[in-house]
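Notes to accompany the following structure.
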Amino acid sequence: MPSAKPLAGIRVVDFSMAYAGPICGRMMSDCGADVIKIEPTRFSDGVRSNPRIFTHFNAGKLGVQIDLSDPEGQQLAHELIDSADVVIENYRPGIMTKFGLDYASIKPRHPGLVYCSISGFGQTGPDAQRAAYAPIAHAASGYDVAHMGAQIHANPQAQTRPQASGIMIADMLTGAYAYGAIQTALLGRVTSGLGDHIDVTMLESMMTLIPAHQQAAQVVDPPQMGGFLPITASDGYIMACVVSDKNFDGLCAALARPDLHDDERFGRTSRIPNVRYLVGEIEQWSATRTVAECEAHFNQHGIPCSRYNSAADLFDEPQLQHRGAFTKNTDEAGEYFVQNLPFQFASMDNATTRHAPMLGEHTDAVFTDMGFDQTTINAFRDRGIVA
């Protein structure tokens with residue numbers, strides 16, 4: 001098995017905070033890149049508000065603190081970028097320009113740089129300066145309304161008020177798109193020798209989740225979408241997807257209900273509009289059986305089916321244990337699991353590095369590697385330029 005990971009030799013300077021940018025940087029780190037995380041000097045200790053979350057998004061990175069508001073700090077950042085292949089940033093558009101660290105300022109001195117900007121609405125345009133968090137992107141993208149509509153189609157009694165997701169879908173999805181875009185630009189650089197400026201938005205990332213709804217919005221009398229409802233078992237709920245005729249045949253066999261074949265409500269084109277009635281028929285069987293029994297029985301009959309797991313259930317899930325989906329981490333927050341990347345390579349181990357940097361942990365090492373002596377680094381620290 002080769003020891004080198006595919007991104008070995010790639011240096012990334014990661015200016016991003018929160019989630020979307022940091023998860024992109026961590027994906028690059030897990031695949032072998034040397035990722036230097038830049039944090040401001042205003043932090044005074046190495047304990048983040050939630051060190052477990054911080055580790056998930058920043059494991060494997062080198063931690064450096066620089067005061068980007070100081071011209072000398074900006075010069076140090078420039079010198080770091082000069083040695084890098086990739087920059088990731090998710091400041092509000094215009095902030096990096098204020099620091100003199102925007103792509104337009106850097107490109108003349110480093111034309112091979114791949115520079116990735118992540119924002120809510122884009123680097124330019126009438127909404128560029130709007131603040132955005134994941135729930136804003138969910139609402140603005142049409143995702144929340146599409147999700148609500150799918151629920152109402154499946155169950156007319158469903159709540160008609162949009163429901164905000166408590167899950168940071170936009171952050172994780174945007175980070176993944178940013179990762180893919182960076183790899184594309186790095187591949188393009190192999191032949192052109194030139195980098196590029198990548199502009200990734202949370203808004204458009206979320207829009208990619210609803211292509212069928214976008215198309216339906218452009219036609220008269222669009223077909224109903226949705227059609228999946230939780231199914232009651234004796235000790236919880238399952239999800240079963242009766243999508244194809246083959247799935248439906250399996251369902252009729254699993255329930256010992258051949259009569260359902262003759263029910264006009266459940267024909268090929270009428271199943272989705274009548275899904276709540278189909279679920280009612282299923283629950284006559286499932287409500288007296290456990291989740292485990294339902295899941296096993298339906299899967300044996302070729303019906304895609306799963307129990308509803310909680311996050312806590314995942315650590316003991318046999319399939320995830322088989323795949324090595326988690327790495328155990330130990331730090332000031334205790335001992336806990338961090339999820340690895342959802343893709344694996346046959347030729348290498350890309351499980352996450354266990355260690356996440358303390359604030360400024362690698363400042364001296366990184367600047368020593370750049371050629372600064374310890375006296376100079378100490379002088380920077382005394383003036384508050386680094387920490």
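By order of appearance in the structure tokens: chains A, B, ..., then residues from 1 within every chain, and ligands from 1 in the order shown.
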Practice task
Name all residues at most 9 Å from range 78-83 of chain A (count only C-alpha atoms; drop same-chain ones fewer than 3 positions away) and give them as a ChimeraX atom specification.
Solution key: /A:11-13,73-75,86-87,100-101,106,109-110,113,366-367,370
Exercise for the section: For Thr201 in chain A, work out the shell of residues within 6 Å, counting only C-alpha atoms and skipping chain neighbours fewer than 2 positions away, then give it as a ChimeraX atom specification. Expected result: /A:118-122,203-204
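Scanning range 42-259 of chain A with DSSP on the backbone, the strand (DSSP E) assignments fall on Leu62, Gly63, Val64, Gln65, Val86, Val87, Ile88, Glu89, Val114, Tyr115, Cys116, Ser117, Ile118, Ser119, Asp196, His197, Ile198, Asp199, Val200, Thr201, Ile231, Thr232, Ala233, Gly236, Tyr237, Ile238, Met239 and Ala240 of chain A.
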Go ahead and write the selection's residues with C-alpha atoms as a CSV table (one decimal), in the first residue's frame.
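Below is the file selection-v1.csv, written as the result:
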```
chain,number,residue,atom,x,y,z
A,62,LEU,CA,-1.5,23.2,11.6
A,63,GLY,CA,-2.7,26.1,13.8
A,64,VAL,CA,-1.2,29.5,13.3
A,65,GLN,CA,-2.4,32.9,14.8
A,86,VAL,CA,-4.6,26.7,-2.3
A,87,VAL,CA,-6.3,29.4,-0.2
A,88,ILE,CA,-9.7,28.8,1.4
A,89,GLU,CA,-11.6,31.7,2.9
A,114,VAL,CA,-6.1,28.1,-6.5
A,115,TYR,CA,-8.2,30.6,-4.4
A,116,CYS,CA,-11.5,29.4,-3.1
A,117,SER,CA,-14.0,31.9,-1.6
A,118,ILE,CA,-17.1,30.5,0.2
A,119,SER,CA,-20.0,32.8,1.0
A,196,ASP,CA,-8.2,30.2,-10.6
A,197,HIS,CA,-10.6,32.0,-8.3
A,198,ILE,CA,-13.5,29.7,-7.2
A,199,ASP,CA,-16.7,31.4,-6.0
A,200,VAL,CA,-18.9,28.9,-4.1
A,201,THR,CA,-22.2,29.8,-2.5
A,231,ILE,CA,-44.1,3.7,9.1
A,232,THR,CA,-45.1,2.8,12.6
A,233,ALA,CA,-43.6,-0.4,14.2
A,236,GLY,CA,-40.4,2.9,16.8
A,237,TYR,CA,-40.5,3.8,13.1
A,238,ILE,CA,-39.0,2.5,9.9
A,239,MET,CA,-38.7,4.0,6.4
A,240,ALA,CA,-39.5,1.9,3.4
```
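Using only C-alpha atoms for every distance, the candidate list A:Ser69, A:Ser29, A:Asn90, A:Ser244 yields A:Ser29 as the residue closest to Phe57 in chain A.
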Fill in the blank from the handout: Shortest contact to Tyr277 in chain A, candidates A:Met207, A:Leu229, A:Ala132, A:Val219, atoms counted only C-alpha atoms, goes to A:Leu229
Handout entry: Every residue of range 37-210 of chain A that DSSP places in alpha helix (DSSP H), as an MDAnalysis selection string
Key = chainID A and resid 51:58 71:82 95:98 103:106 134:140 143:154 169:192 202:207
Practice task
Do a neighbour search on Val291 in chain A at 12 Å with only C-alpha atoms, toss out local chain neighbours closer than 2 positions, and write the hits as a ChimeraX atom specification.
Solution key: /A:230-240,283,285-289,293-298,305-309
Handout entry: A:Ala18, A:Ala178, A:Ile53, A:Ile303 ranked by distance to Asn329 in chain A, top pick (using only C-alpha atoms)
Key = A:Ile53
